[in-house]
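Everything below belongs to work.cif, which stores mmCIF, C-alpha atoms (C1' of nucleotides).
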```cif
data_model
loop_
_atom_site.group_PDB
_atom_site.id
_atom_site.type_symbol
_atom_site.label_atom_id
_atom_site.label_comp_id
_atom_site.auth_asym_id
_atom_site.auth_seq_id
_atom_site.Cartn_x
_atom_site.Cartn_y
_atom_site.Cartn_z
ATOM 1 C CA MET A 28 0.000 0.000 0.000
ATOM 2 C CA ASP A 29 2.020 2.935 -1.241
ATOM 3 C CA ARG A 30 0.959 6.328 -2.548
ATOM 4 C CA ILE A 31 0.067 4.940 -5.978
ATOM 5 C CA ASP A 32 -2.277 2.328 -4.495
ATOM 6 C CA GLN A 33 -3.921 5.123 -2.503
ATOM 7 C CA GLN A 34 -4.397 7.109 -5.708
ATOM 8 C CA ILE A 35 -6.023 4.080 -7.348
ATOM 9 C CA LEU A 36 -8.343 3.567 -4.366
ATOM 10 C CA SER A 37 -9.241 7.227 -4.216
ATOM 11 C CA THR A 38 -9.925 7.416 -7.954
ATOM 12 C CA LEU A 39 -12.133 4.316 -7.900
ATOM 13 C CA HIS A 40 -13.953 5.574 -4.814
ATOM 14 C CA ASP A 41 -14.913 8.673 -6.812
ATOM 15 C CA ASN A 42 -15.681 6.845 -10.058
ATOM 16 C CA ALA A 43 -15.668 3.065 -10.033
ATOM 17 C CA ARG A 44 -16.369 2.844 -13.776
ATOM 18 C CA ILE A 45 -13.293 4.766 -14.921
ATOM 19 C CA THR A 46 -11.203 2.774 -17.398
ATOM 20 C CA ILE A 47 -7.824 1.486 -16.309
ATOM 21 C CA SER A 48 -6.298 3.241 -19.310
ATOM 22 C CA GLU A 49 -7.609 6.586 -18.120
ATOM 23 C CA MET A 50 -6.345 5.921 -14.602
ATOM 24 C CA SER A 51 -2.948 4.978 -15.983
ATOM 25 C CA ARG A 52 -2.795 8.372 -17.721
ATOM 26 C CA MET A 53 -3.764 10.247 -14.527
ATOM 27 C CA ILE A 54 -1.225 8.353 -12.447
ATOM 28 C CA ALA A 55 1.513 8.358 -15.106
ATOM 29 C CA MET A 56 2.063 4.615 -14.973
ATOM 30 C CA SER A 57 1.619 1.975 -17.664
ATOM 31 C CA GLN A 58 -1.768 0.325 -18.107
ATOM 32 C CA PRO A 59 -0.510 -3.217 -17.346
ATOM 33 C CA ALA A 60 1.058 -1.947 -14.114
ATOM 34 C CA VAL A 61 -2.203 -0.368 -12.961
ATOM 35 C CA THR A 62 -4.114 -3.520 -13.953
ATOM 36 C CA GLU A 63 -1.779 -5.623 -11.820
ATOM 37 C CA ARG A 64 -1.989 -3.283 -8.816
ATOM 38 C CA LEU A 65 -5.771 -3.306 -9.054
ATOM 39 C CA ARG A 66 -5.799 -7.097 -9.221
ATOM 40 C CA LYS A 67 -3.765 -7.242 -6.014
ATOM 41 C CA LEU A 68 -5.939 -4.685 -4.204
ATOM 42 C CA GLU A 69 -8.948 -6.898 -4.995
ATOM 43 C CA GLU A 70 -7.120 -10.115 -4.106
ATOM 44 C CA GLN A 71 -5.992 -8.713 -0.744
ATOM 45 C CA GLY A 72 -9.590 -7.788 0.056
ATOM 46 C CA ILE A 73 -8.802 -4.073 0.248
ATOM 47 C CA ILE A 74 -11.370 -3.453 -2.474
ATOM 48 C CA THR A 75 -14.443 -5.523 -1.600
ATOM 49 C CA GLY A 76 -16.692 -4.527 -4.486
ATOM 50 C CA TYR A 77 -18.027 -1.880 -6.804
ATOM 51 C CA ARG A 78 -21.498 -0.383 -6.459
ATOM 52 C CA ALA A 79 -23.717 1.886 -8.471
ATOM 53 C CA GLU A 80 -25.317 4.549 -6.292
ATOM 54 C CA ILE A 81 -29.021 4.834 -6.979
ATOM 55 C CA ALA A 82 -31.143 7.829 -5.922
ATOM 56 C CA PRO A 83 -33.914 6.410 -3.700
ATOM 57 C CA SER A 84 -36.270 9.310 -4.472
ATOM 58 C CA LYS A 85 -36.141 8.450 -8.183
ATOM 59 C CA LEU A 86 -37.536 5.022 -7.302
ATOM 60 C CA GLY A 87 -40.329 6.529 -5.210
ATOM 61 C CA LYS A 88 -38.524 6.077 -1.862
ATOM 62 C CA HIS A 89 -38.764 9.448 -0.179
ATOM 63 C CA THR A 90 -38.212 8.583 3.478
ATOM 64 C CA THR A 91 -34.946 7.526 5.100
ATOM 65 C CA ALA A 92 -34.689 6.794 8.808
ATOM 66 C CA PHE A 93 -32.327 5.267 11.332
ATOM 67 C CA VAL A 94 -33.995 2.882 13.738
ATOM 68 C CA LEU A 95 -32.380 2.040 17.065
ATOM 69 C CA PHE A 96 -33.676 -1.303 18.187
ATOM 70 C CA LYS A 97 -33.707 -3.300 21.391
ATOM 71 C CA SER A 98 -34.529 -6.964 21.006
ATOM 72 C CA ASN A 99 -33.934 -10.159 22.916
ATOM 73 C CA LYS A 100 -35.362 -12.281 20.090
ATOM 74 C CA CYS A 101 -32.101 -11.939 18.167
ATOM 75 C CA LYS A 102 -32.382 -14.940 15.860
ATOM 76 C CA GLU A 103 -35.932 -14.095 14.828
ATOM 77 C CA PHE A 104 -35.229 -10.396 14.437
ATOM 78 C CA GLU A 105 -32.181 -11.014 12.267
ATOM 79 C CA ALA A 106 -34.137 -13.385 10.030
ATOM 80 C CA PHE A 107 -36.849 -10.728 9.748
ATOM 81 C CA GLY A 108 -34.183 -8.120 8.920
ATOM 82 C CA GLU A 109 -32.640 -10.205 6.129
ATOM 83 C CA ALA A 110 -36.027 -10.511 4.453
ATOM 84 C CA ALA A 111 -37.216 -6.928 4.951
ATOM 85 C CA PRO A 112 -36.621 -4.922 1.752
ATOM 86 C CA GLU A 113 -36.916 -1.646 3.692
ATOM 87 C CA ILE A 114 -33.716 -2.312 5.667
ATOM 88 C CA VAL A 115 -30.695 -1.152 3.695
ATOM 89 C CA ASP A 116 -28.056 -1.404 6.457
ATOM 90 C CA PHE A 117 -28.206 -3.676 9.496
ATOM 91 C CA TYR A 118 -25.712 -3.359 12.375
ATOM 92 C CA ARG A 119 -25.301 -4.924 15.770
ATOM 93 C CA THR A 120 -24.294 -2.285 18.318
ATOM 94 C CA SER A 121 -23.191 -1.831 21.893
ATOM 95 C CA GLY A 122 -25.153 0.249 24.346
ATOM 96 C CA GLU A 123 -28.776 0.440 25.399
ATOM 97 C CA TYR A 124 -29.905 -0.555 21.920
ATOM 98 C CA ASN A 125 -28.433 -3.682 20.353
ATOM 99 C CA TYR A 126 -29.305 -3.001 16.699
ATOM 100 C CA LEU A 127 -29.115 -0.037 14.371
ATOM 101 C CA LEU A 128 -30.942 -0.109 11.034
ATOM 102 C CA LYS A 129 -30.945 2.243 8.099
ATOM 103 C CA VAL A 130 -34.396 2.059 6.577
ATOM 104 C CA VAL A 131 -35.594 3.453 3.236
ATOM 105 C CA THR A 132 -39.336 3.612 2.557
ATOM 106 C CA GLU A 133 -41.705 5.323 0.156
ATOM 107 C CA THR A 134 -43.367 7.671 2.645
ATOM 108 C CA SER A 135 -43.642 8.226 6.380
ATOM 109 C CA GLU A 136 -46.766 6.040 6.241
ATOM 110 C CA THR A 137 -44.829 3.043 4.910
ATOM 111 C CA LEU A 138 -42.142 3.744 7.528
ATOM 112 C CA GLU A 139 -44.838 3.605 10.202
ATOM 113 C CA ALA A 140 -46.124 0.284 8.831
ATOM 114 C CA PHE A 141 -42.573 -1.089 8.905
ATOM 115 C CA LEU A 142 -42.079 -0.002 12.522
ATOM 116 C CA GLU A 143 -45.344 -1.698 13.477
ATOM 117 C CA ALA A 144 -44.051 -4.927 11.944
ATOM 118 C CA CYS A 145 -40.803 -4.565 13.927
ATOM 119 C CA HIS A 146 -42.620 -4.305 17.228
ATOM 120 C CA ALA A 147 -43.155 -8.051 17.236
ATOM 121 C CA PHE A 148 -39.437 -8.333 18.074
ATOM 122 C CA GLY A 149 -38.755 -5.545 20.565
ATOM 123 C CA PHE A 150 -38.668 -1.775 21.048
ATOM 124 C CA SER A 151 -37.397 0.932 18.759
ATOM 125 C CA SER A 152 -36.463 4.587 18.664
ATOM 126 C CA THR A 153 -36.512 6.230 15.259
ATOM 127 C CA LEU A 154 -34.573 9.180 13.829
ATOM 128 C CA VAL A 155 -35.966 10.402 10.511
ATOM 129 C CA VAL A 156 -33.376 11.836 8.107
ATOM 130 C CA LEU A 157 -34.267 15.426 7.178
ATOM 131 C CA SER A 158 -31.288 15.915 4.880
ATOM 132 C CA THR A 159 -27.965 14.366 4.034
ATOM 133 C CA ARG A 160 -24.967 16.672 4.388
ATOM 134 C CA PHE A 161 -22.692 14.047 2.808
ATOM 135 C CA GLU A 162 -22.389 10.286 2.480
ATOM 136 C CA ASP A 163 -19.479 7.917 1.818
ATOM 137 C CA LYS A 164 -16.620 10.295 2.452
ATOM 138 C CA SER A 165 -13.434 8.529 1.404
ATOM 139 C CA ILE A 166 -11.414 6.846 4.134
ATOM 140 C CA VAL A 167 -8.324 6.723 1.900
ATOM 141 C CA PRO A 168 -5.542 9.064 3.106
ATOM 142 C CA SER A 169 -5.550 12.038 0.740
ATOM 143 C CA ARG A 170 -2.805 12.506 -1.835
ATOM 144 C CA SER A 171 -2.017 16.016 -0.679
ATOM 145 C CA ALA A 172 -1.137 14.944 2.857
ATOM 146 C CA ALA A 173 2.458 14.070 3.707
ATOM 147 C CA ASN A 174 2.277 10.292 3.378
ATOM 148 C CA MET B 7 -38.180 2.672 -15.893
ATOM 149 C CA ASP B 8 -39.220 -0.765 -17.085
ATOM 150 C CA ARG B 9 -38.064 -4.206 -16.073
ATOM 151 C CA ILE B 10 -34.918 -3.974 -18.216
ATOM 152 C CA ASP B 11 -33.837 -0.724 -16.538
ATOM 153 C CA GLN B 12 -34.358 -2.430 -13.180
ATOM 154 C CA GLN B 13 -32.157 -5.313 -14.295
ATOM 155 C CA ILE B 14 -29.453 -2.843 -15.323
ATOM 156 C CA LEU B 15 -29.666 -1.028 -11.965
ATOM 157 C CA SER B 16 -29.628 -4.266 -10.040
ATOM 158 C CA THR B 17 -26.665 -5.632 -11.976
ATOM 159 C CA LEU B 18 -24.649 -2.438 -11.513
ATOM 160 C CA HIS B 19 -25.554 -2.312 -7.822
ATOM 161 C CA ASP B 20 -23.925 -5.736 -7.460
ATOM 162 C CA ASN B 21 -20.946 -5.037 -9.726
ATOM 163 C CA ALA B 22 -20.446 -1.519 -11.002
ATOM 164 C CA ARG B 23 -17.417 -2.502 -13.093
ATOM 165 C CA ILE B 24 -19.148 -5.097 -15.232
ATOM 166 C CA THR B 25 -18.774 -4.366 -18.958
ATOM 167 C CA ILE B 26 -21.831 -3.277 -20.914
ATOM 168 C CA SER B 27 -21.157 -6.153 -23.323
ATOM 169 C CA GLU B 28 -21.464 -8.667 -20.507
ATOM 170 C CA MET B 29 -24.664 -7.033 -19.253
ATOM 171 C CA SER B 30 -26.089 -7.084 -22.771
ATOM 172 C CA ARG B 31 -25.488 -10.847 -22.875
ATOM 173 C CA MET B 32 -27.205 -11.353 -19.494
ATOM 174 C CA ILE B 33 -30.176 -9.209 -20.483
ATOM 175 C CA ALA B 34 -30.401 -10.495 -24.070
ATOM 176 C CA MET B 35 -30.372 -7.051 -25.637
ATOM 177 C CA SER B 36 -27.862 -5.461 -28.007
ATOM 178 C CA GLN B 37 -24.888 -3.681 -26.476
ATOM 179 C CA PRO B 38 -25.682 -0.240 -28.017
ATOM 180 C CA ALA B 39 -29.228 -0.464 -26.595
ATOM 181 C CA VAL B 40 -27.885 -1.131 -23.093
ATOM 182 C CA THR B 41 -25.352 1.696 -23.493
ATOM 183 C CA GLU B 42 -28.152 4.093 -24.410
ATOM 184 C CA ARG B 43 -30.360 2.986 -21.502
ATOM 185 C CA LEU B 44 -27.457 3.416 -19.099
ATOM 186 C CA ARG B 45 -26.746 6.888 -20.477
ATOM 187 C CA LYS B 46 -30.365 7.850 -19.779
ATOM 188 C CA LEU B 47 -30.365 6.386 -16.262
ATOM 189 C CA GLU B 48 -27.332 8.564 -15.512
ATOM 190 C CA GLU B 49 -28.793 11.628 -17.229
ATOM 191 C CA GLN B 50 -32.057 11.322 -15.296
ATOM 192 C CA GLY B 51 -30.111 11.195 -12.040
ATOM 193 C CA ILE B 52 -31.339 7.699 -11.202
ATOM 194 C CA ILE B 53 -27.728 6.549 -11.061
ATOM 195 C CA THR B 54 -25.771 9.175 -9.138
ATOM 196 C CA GLY B 55 -22.350 7.575 -9.218
ATOM 197 C CA TYR B 56 -20.172 4.501 -8.968
ATOM 198 C CA ARG B 57 -18.081 3.703 -5.917
ATOM 199 C CA ALA B 58 -15.423 1.206 -5.025
ATOM 200 C CA GLU B 59 -16.054 -0.320 -1.604
ATOM 201 C CA ILE B 60 -12.930 -0.297 0.508
ATOM 202 C CA ALA B 61 -12.489 -2.428 3.640
ATOM 203 C CA PRO B 62 -11.757 0.028 6.490
ATOM 204 C CA SER B 63 -9.917 -2.604 8.539
ATOM 205 C CA LYS B 64 -7.405 -3.063 5.700
ATOM 206 C CA LEU B 65 -6.524 0.612 6.055
ATOM 207 C CA GLY B 66 -6.098 0.298 9.824
ATOM 208 C CA LYS B 67 -9.589 1.611 10.665
ATOM 209 C CA HIS B 68 -10.974 -0.938 13.091
ATOM 210 C CA THR B 69 -13.718 1.033 14.854
ATOM 211 C CA THR B 70 -17.054 2.108 13.385
ATOM 212 C CA ALA B 71 -19.620 4.013 15.411
ATOM 213 C CA PHE B 72 -22.817 5.974 14.991
ATOM 214 C CA VAL B 73 -22.880 9.234 16.899
ATOM 215 C CA LEU B 74 -26.173 10.933 17.729
ATOM 216 C CA PHE B 75 -25.520 14.602 18.203
ATOM 217 C CA LYS B 76 -27.349 17.558 19.669
ATOM 218 C CA SER B 77 -25.998 20.941 18.735
ATOM 219 C CA ASN B 78 -27.262 24.476 18.508
ATOM 220 C CA LYS B 79 -24.050 25.678 16.867
ATOM 221 C CA CYS B 80 -25.210 24.265 13.538
ATOM 222 C CA LYS B 81 -23.048 26.338 11.167
ATOM 223 C CA GLU B 82 -19.889 25.673 13.152
ATOM 224 C CA PHE B 83 -20.654 22.001 13.685
ATOM 225 C CA GLU B 84 -21.344 21.416 9.996
ATOM 226 C CA ALA B 85 -18.098 23.126 9.010
ATOM 227 C CA PHE B 86 -16.279 20.928 11.534
ATOM 228 C CA GLY B 87 -18.037 17.860 10.098
ATOM 229 C CA GLU B 88 -17.025 18.640 6.514
ATOM 230 C CA ALA B 89 -13.392 18.831 7.555
ATOM 231 C CA ALA B 90 -13.331 15.820 9.903
ATOM 232 C CA PRO B 91 -11.905 12.787 8.063
ATOM 233 C CA GLU B 92 -13.436 10.441 10.659
ATOM 234 C CA ILE B 93 -16.997 11.292 9.597
ATOM 235 C CA VAL B 94 -18.038 9.126 6.659
ATOM 236 C CA ASP B 95 -21.783 9.940 6.643
ATOM 237 C CA PHE B 96 -23.397 13.111 8.001
ATOM 238 C CA TYR B 97 -27.188 13.450 8.349
ATOM 239 C CA ARG B 98 -29.538 16.006 9.787
ATOM 240 C CA THR B 99 -32.333 14.284 11.693
ATOM 241 C CA SER B 100 -35.594 14.913 13.496
ATOM 242 C CA GLY B 101 -36.085 14.063 17.151
ATOM 243 C CA GLU B 102 -34.152 14.767 20.313
ATOM 244 C CA TYR B 103 -30.852 14.655 18.443
ATOM 245 C CA ASN B 104 -30.473 16.834 15.356
ATOM 246 C CA TYR B 105 -27.490 15.080 13.748
ATOM 247 C CA LEU B 106 -26.467 11.500 13.073
ATOM 248 C CA LEU B 107 -22.895 10.680 12.057
ATOM 249 C CA LYS B 108 -21.261 7.502 10.911
ATOM 250 C CA VAL B 109 -17.700 7.631 12.144
ATOM 251 C CA VAL B 110 -14.789 5.364 11.197
ATOM 252 C CA THR B 111 -11.622 5.489 13.295
ATOM 253 C CA GLU B 112 -8.519 3.435 13.883
ATOM 254 C CA THR B 113 -9.271 2.305 17.436
ATOM 255 C CA SER B 114 -11.646 3.095 20.271
ATOM 256 C CA GLU B 115 -8.969 5.503 21.524
ATOM 257 C CA THR B 116 -9.090 7.566 18.330
ATOM 258 C CA LEU B 117 -12.898 7.444 18.516
ATOM 259 C CA GLU B 118 -12.684 8.839 22.032
ATOM 260 C CA ALA B 119 -10.391 11.652 20.862
ATOM 261 C CA PHE B 120 -12.838 12.459 18.061
ATOM 262 C CA LEU B 121 -15.759 12.602 20.516
ATOM 263 C CA GLU B 122 -13.779 14.952 22.738
ATOM 264 C CA ALA B 123 -13.281 17.272 19.761
ATOM 265 C CA CYS B 124 -17.028 17.150 19.027
ATOM 266 C CA HIS B 125 -17.916 18.268 22.523
ATOM 267 C CA ALA B 126 -17.019 21.839 21.617
ATOM 268 C CA PHE B 127 -20.267 21.881 19.593
ATOM 269 C CA GLY B 128 -22.811 20.031 21.752
ATOM 270 C CA PHE B 129 -23.715 16.678 23.282
ATOM 271 C CA SER B 130 -23.474 13.203 21.836
ATOM 272 C CA SER B 131 -24.596 9.655 22.391
ATOM 273 C CA THR B 132 -22.509 6.971 20.720
ATOM 274 C CA LEU B 133 -23.369 3.476 19.478
ATOM 275 C CA VAL B 134 -20.305 1.409 18.622
ATOM 276 C CA VAL B 135 -20.795 -1.093 15.789
ATOM 277 C CA LEU B 136 -20.031 -4.635 17.007
ATOM 278 C CA SER B 137 -20.731 -6.275 13.658
ATOM 279 C CA THR B 138 -22.384 -5.574 10.346
ATOM 280 C CA ARG B 139 -25.133 -8.022 9.352
ATOM 281 C CA PHE B 140 -25.382 -6.409 5.895
ATOM 282 C CA GLU B 141 -24.869 -3.067 4.211
ATOM 283 C CA ASP B 142 -26.241 -1.473 1.036
ATOM 284 C CA LYS B 143 -29.089 -3.861 0.360
ATOM 285 C CA SER B 144 -30.465 -2.999 -3.071
ATOM 286 C CA ILE B 145 -33.543 -0.773 -3.178
ATOM 287 C CA VAL B 146 -34.298 -1.828 -6.764
ATOM 288 C CA PRO B 147 -37.478 -3.942 -7.024
ATOM 289 C CA SER B 148 -36.349 -7.528 -7.568
ATOM 290 C CA ARG B 149 -36.716 -9.189 -10.960
ATOM 291 C CA SER B 150 -38.589 -12.150 -9.533
ATOM 292 C CA ALA B 151 -41.459 -10.010 -8.210
ATOM 293 C CA ALA B 152 -44.457 -9.380 -10.414
ATOM 294 C CA ASN B 153 -43.515 -5.970 -11.834
ATOM 295 C "C1'" DC C 21 -36.103 2.257 -29.465
ATOM 296 C "C1'" DC C 22 -33.705 -1.137 -31.272
ATOM 297 C "C1'" DT C 23 -30.208 -3.716 -34.380
ATOM 298 C "C1'" DG C 24 -25.918 -4.631 -37.011
ATOM 299 C "C1'" DA C 25 -21.466 -3.340 -38.762
ATOM 300 C "C1'" DA C 26 -17.153 -0.852 -38.656
ATOM 301 C "C1'" DA C 27 -13.842 2.249 -36.569
ATOM 302 C "C1'" DA C 28 -11.658 3.743 -32.297
ATOM 303 C "C1'" DT C 29 -10.370 2.364 -27.429
ATOM 304 C "C1'" DA C 30 -9.349 -0.564 -23.789
ATOM 305 C "C1'" DT C 31 -7.750 -4.867 -21.717
ATOM 306 C "C1'" DA C 32 -5.078 -9.258 -21.205
ATOM 307 C "C1'" DT C 33 -0.974 -11.469 -21.986
ATOM 308 C "C1'" DC C 34 3.730 -11.962 -22.996
ATOM 309 C "C1'" DG C 35 8.785 -11.455 -23.204
ATOM 310 C "C1'" DC C 36 12.090 -8.553 -21.172
ATOM 311 C "C1'" DC C 37 14.386 -5.486 -17.761
ATOM 312 C "C1'" DG D 19 7.355 -4.410 -9.847
ATOM 313 C "C1'" DG D 20 7.288 -2.274 -14.042
ATOM 314 C "C1'" DC D 21 7.521 -1.489 -19.391
ATOM 315 C "C1'" DG D 22 6.422 -2.099 -24.403
ATOM 316 C "C1'" DA D 23 4.132 -4.692 -27.932
ATOM 317 C "C1'" DT D 24 0.353 -7.273 -29.653
ATOM 318 C "C1'" DA D 25 -3.899 -10.071 -29.831
ATOM 319 C "C1'" DT D 26 -8.532 -10.026 -28.055
ATOM 320 C "C1'" DA D 27 -12.507 -7.624 -26.312
ATOM 321 C "C1'" DT D 28 -15.206 -3.586 -25.672
ATOM 322 C "C1'" DT D 29 -17.141 0.834 -26.725
ATOM 323 C "C1'" DT D 30 -18.522 4.457 -29.887
ATOM 324 C "C1'" DT D 31 -20.659 5.829 -33.834
ATOM 325 C "C1'" DC D 32 -23.919 5.613 -37.360
ATOM 326 C "C1'" DA D 33 -26.946 3.911 -41.225
ATOM 327 C "C1'" DG D 34 -31.319 1.663 -41.408
ATOM 328 C "C1'" DG D 35 -35.912 -0.360 -39.654
#
```

For the file at hand, write its structure as structure tokens.
Amino acid sequence: MDRIDQQILSTLHDNARITISEMSRMIAMSQPAVTERLRKLEEQGIITGYRAEIAPSKLGKHTTAFVLFKSNKCKEFEAFGEAAPEIVDFYRTSGEYNYLLKVVTETSETLEAFLEACHAFGFSSTLVVLSTRFEDKSIVPSRSAAN
Amino acid sequence: MDRIDQQILSTLHDNARITISEMSRMIAMSQPAVTERLRKLEEQGIITGYRAEIAPSKLGKHTTAFVLFKSNKCKEFEAFGEAAPEIVDFYRTSGEYNYLLKVVTETSETLEAFLEACHAFGFSSTLVVLSTRFEDKSIVPSRSAAN
DNA sequence: CCTGAAAATATATCGCC
DNA sequence: GGCGATATATTTTCAGG
């Protein structure tokens, strides 16, 4: 993991569909060399995948919420969570609540219906997202810093 | 947005670096037709970008937490948030807390230091992620459903 | 909107340093 | 590790339905 690998990671974090040829021009390294570095970054599990970002609102999903959940029916709740299309992210957490869910629904009414369904498994506290300041900030050390 | 567009979205959600040729084979449609549909999905803002997923632990970031935050110094706190490399996601929320942050740090010690820095702007409640059951479940209606 | 064909790019693979 | 060269694959472009 040197500076060049960081540049590759950073570039792909910004645009995962860039061609290797274009990256090789930006980085000033040959295309086969970039291909090989990328192969190793994937092989080492540093890059775990590539995702298209899709605007929920364009698919009619206008409500995003974080649901803190307290359940002692863990097995059942996790099975429910796997199957629930509303749950986008599903974490186990420490603290008073033992789960945190990111939930995307069409409206606040469908969010309410989802929360009702959850109440078979425990208690929840919900934070509705009013706006997103930013998402997915890169965790790769920036090129400008003294690395 | 017909079934074919949904297949394209779903495929790119799973692997954003797949070639259009390969998608066209999967979908049984000519490659220029898929290219044109993809161009429109991007133009309409349905696809907002493509991201490489990078494993935080492979970059030495072993602690993930969600921080609920209550601040009345909104301008200052948001400026701080933009600049803080630890904050990956930054949301404004309804309820007792007015912000929710996803924070990725090296260790629980660096998380603690980050929380100390935050306390200049208000009060926080932190949920440390113990494990991730899943992340980024697709919001695209599945192909098997009767669409 | 889609297809098919041809020209322009990009990628995989190799021998070599 | 990386480079250059080349064969294969992909993308872009466009005429035609």

For the atom pair CA of His19 in chain B and CA of Arg78 in chain A, what is the interatomic distance in Å to one decimal place?
4.7 Å

Skip range 31-33 of chain C itself and residues of its chain fewer than 3 positions away, then list as a ChimeraX atom specification all residues within 9 Å of it, counting all atoms listed in the file.
/A:47-48,58-59,62 /D:24-28

For chain C, which residue out of B:Ala123, B:Val94, B:Leu65, B:Ala39 is the nearest one, using only C-alpha atoms (C1' of nucleotides)?
B:Ala39

For Leu107 in chain B, list every protein, DNA or RNA residue within 8 Å, evaluated using all atoms listed in the file, and leave out those in the same chain fewer than 6 positions away; present the list as a list in words.
Phe72, Val73, Leu74, Phe75, Ile93, Val94, Asp95, Phe96 and Tyr97 of chain B

In Å to one decimal, how far is CA of Thr116 in chain B from CA of Ile73 in chain A?
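Rounded to one decimal, the two atoms are 21.5 Å apart.
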
For this structure, which residues satisfy the selection - the PyMOL selection byres ((chain D and resi 22) around 10) - when it is evaluated on the file as given? I want them as a PyMOL selection string.
(chain A and resi 57+59) or (chain C and resi 35-36) or (chain D and resi 21+23-24)

Given 3 Å on each side, where is the centre and what are the edge lengths in Å to one decimal of the axis-aligned box enclosing the listed atoms of range 120-123 of chain A, as JSON?
```
{"center_x": -26.0, "center_y": -0.9, "center_z": 21.9, "size_x": 11.6, "size_y": 8.7, "size_z": 13.1}
```

Check: which chain C residues lie within 9 Å of chain B using all atoms listed in the file, as a list of chain:residue names:
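Every residue of chain C that passes the 9 Å test is in C:DC21, C:DC22, C:DT23.
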
Quick one, how far is CA of Glu103 in chain A from CA of Ala147 in chain A?
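Atom-to-atom, CA of Glu103 in chain A to CA of Ala147 in chain A, that is 9.7 Å.
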
Expanded to explicit residues, what is the PyMOL selection byres ((chain A) within 8 of (chain B)) for this file, as a PyMOL selection string?
chain A and resi 36+39-44+72-83+85-86+112-122+131+154-167

If you count only C-alpha atoms (C1' of nucleotides), the residue of B:Glu115, B:Glu122, B:Glu28, B:Glu49 closest to chain D turns out to be B:Glu28

From the list B:Asp11, B:Ala34, B:Val40, B:His125, which residue is nearest chain D when using all atoms listed in the file?
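When distances to chain D are compared using all atoms listed in the file, the smallest one comes from B:Val40.
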
Of the candidates B:His68, B:Arg31, B:Phe129, B:Lys79, which one gets nearest to Ser114 in chain B if we count all atoms listed in the file?
B:His68
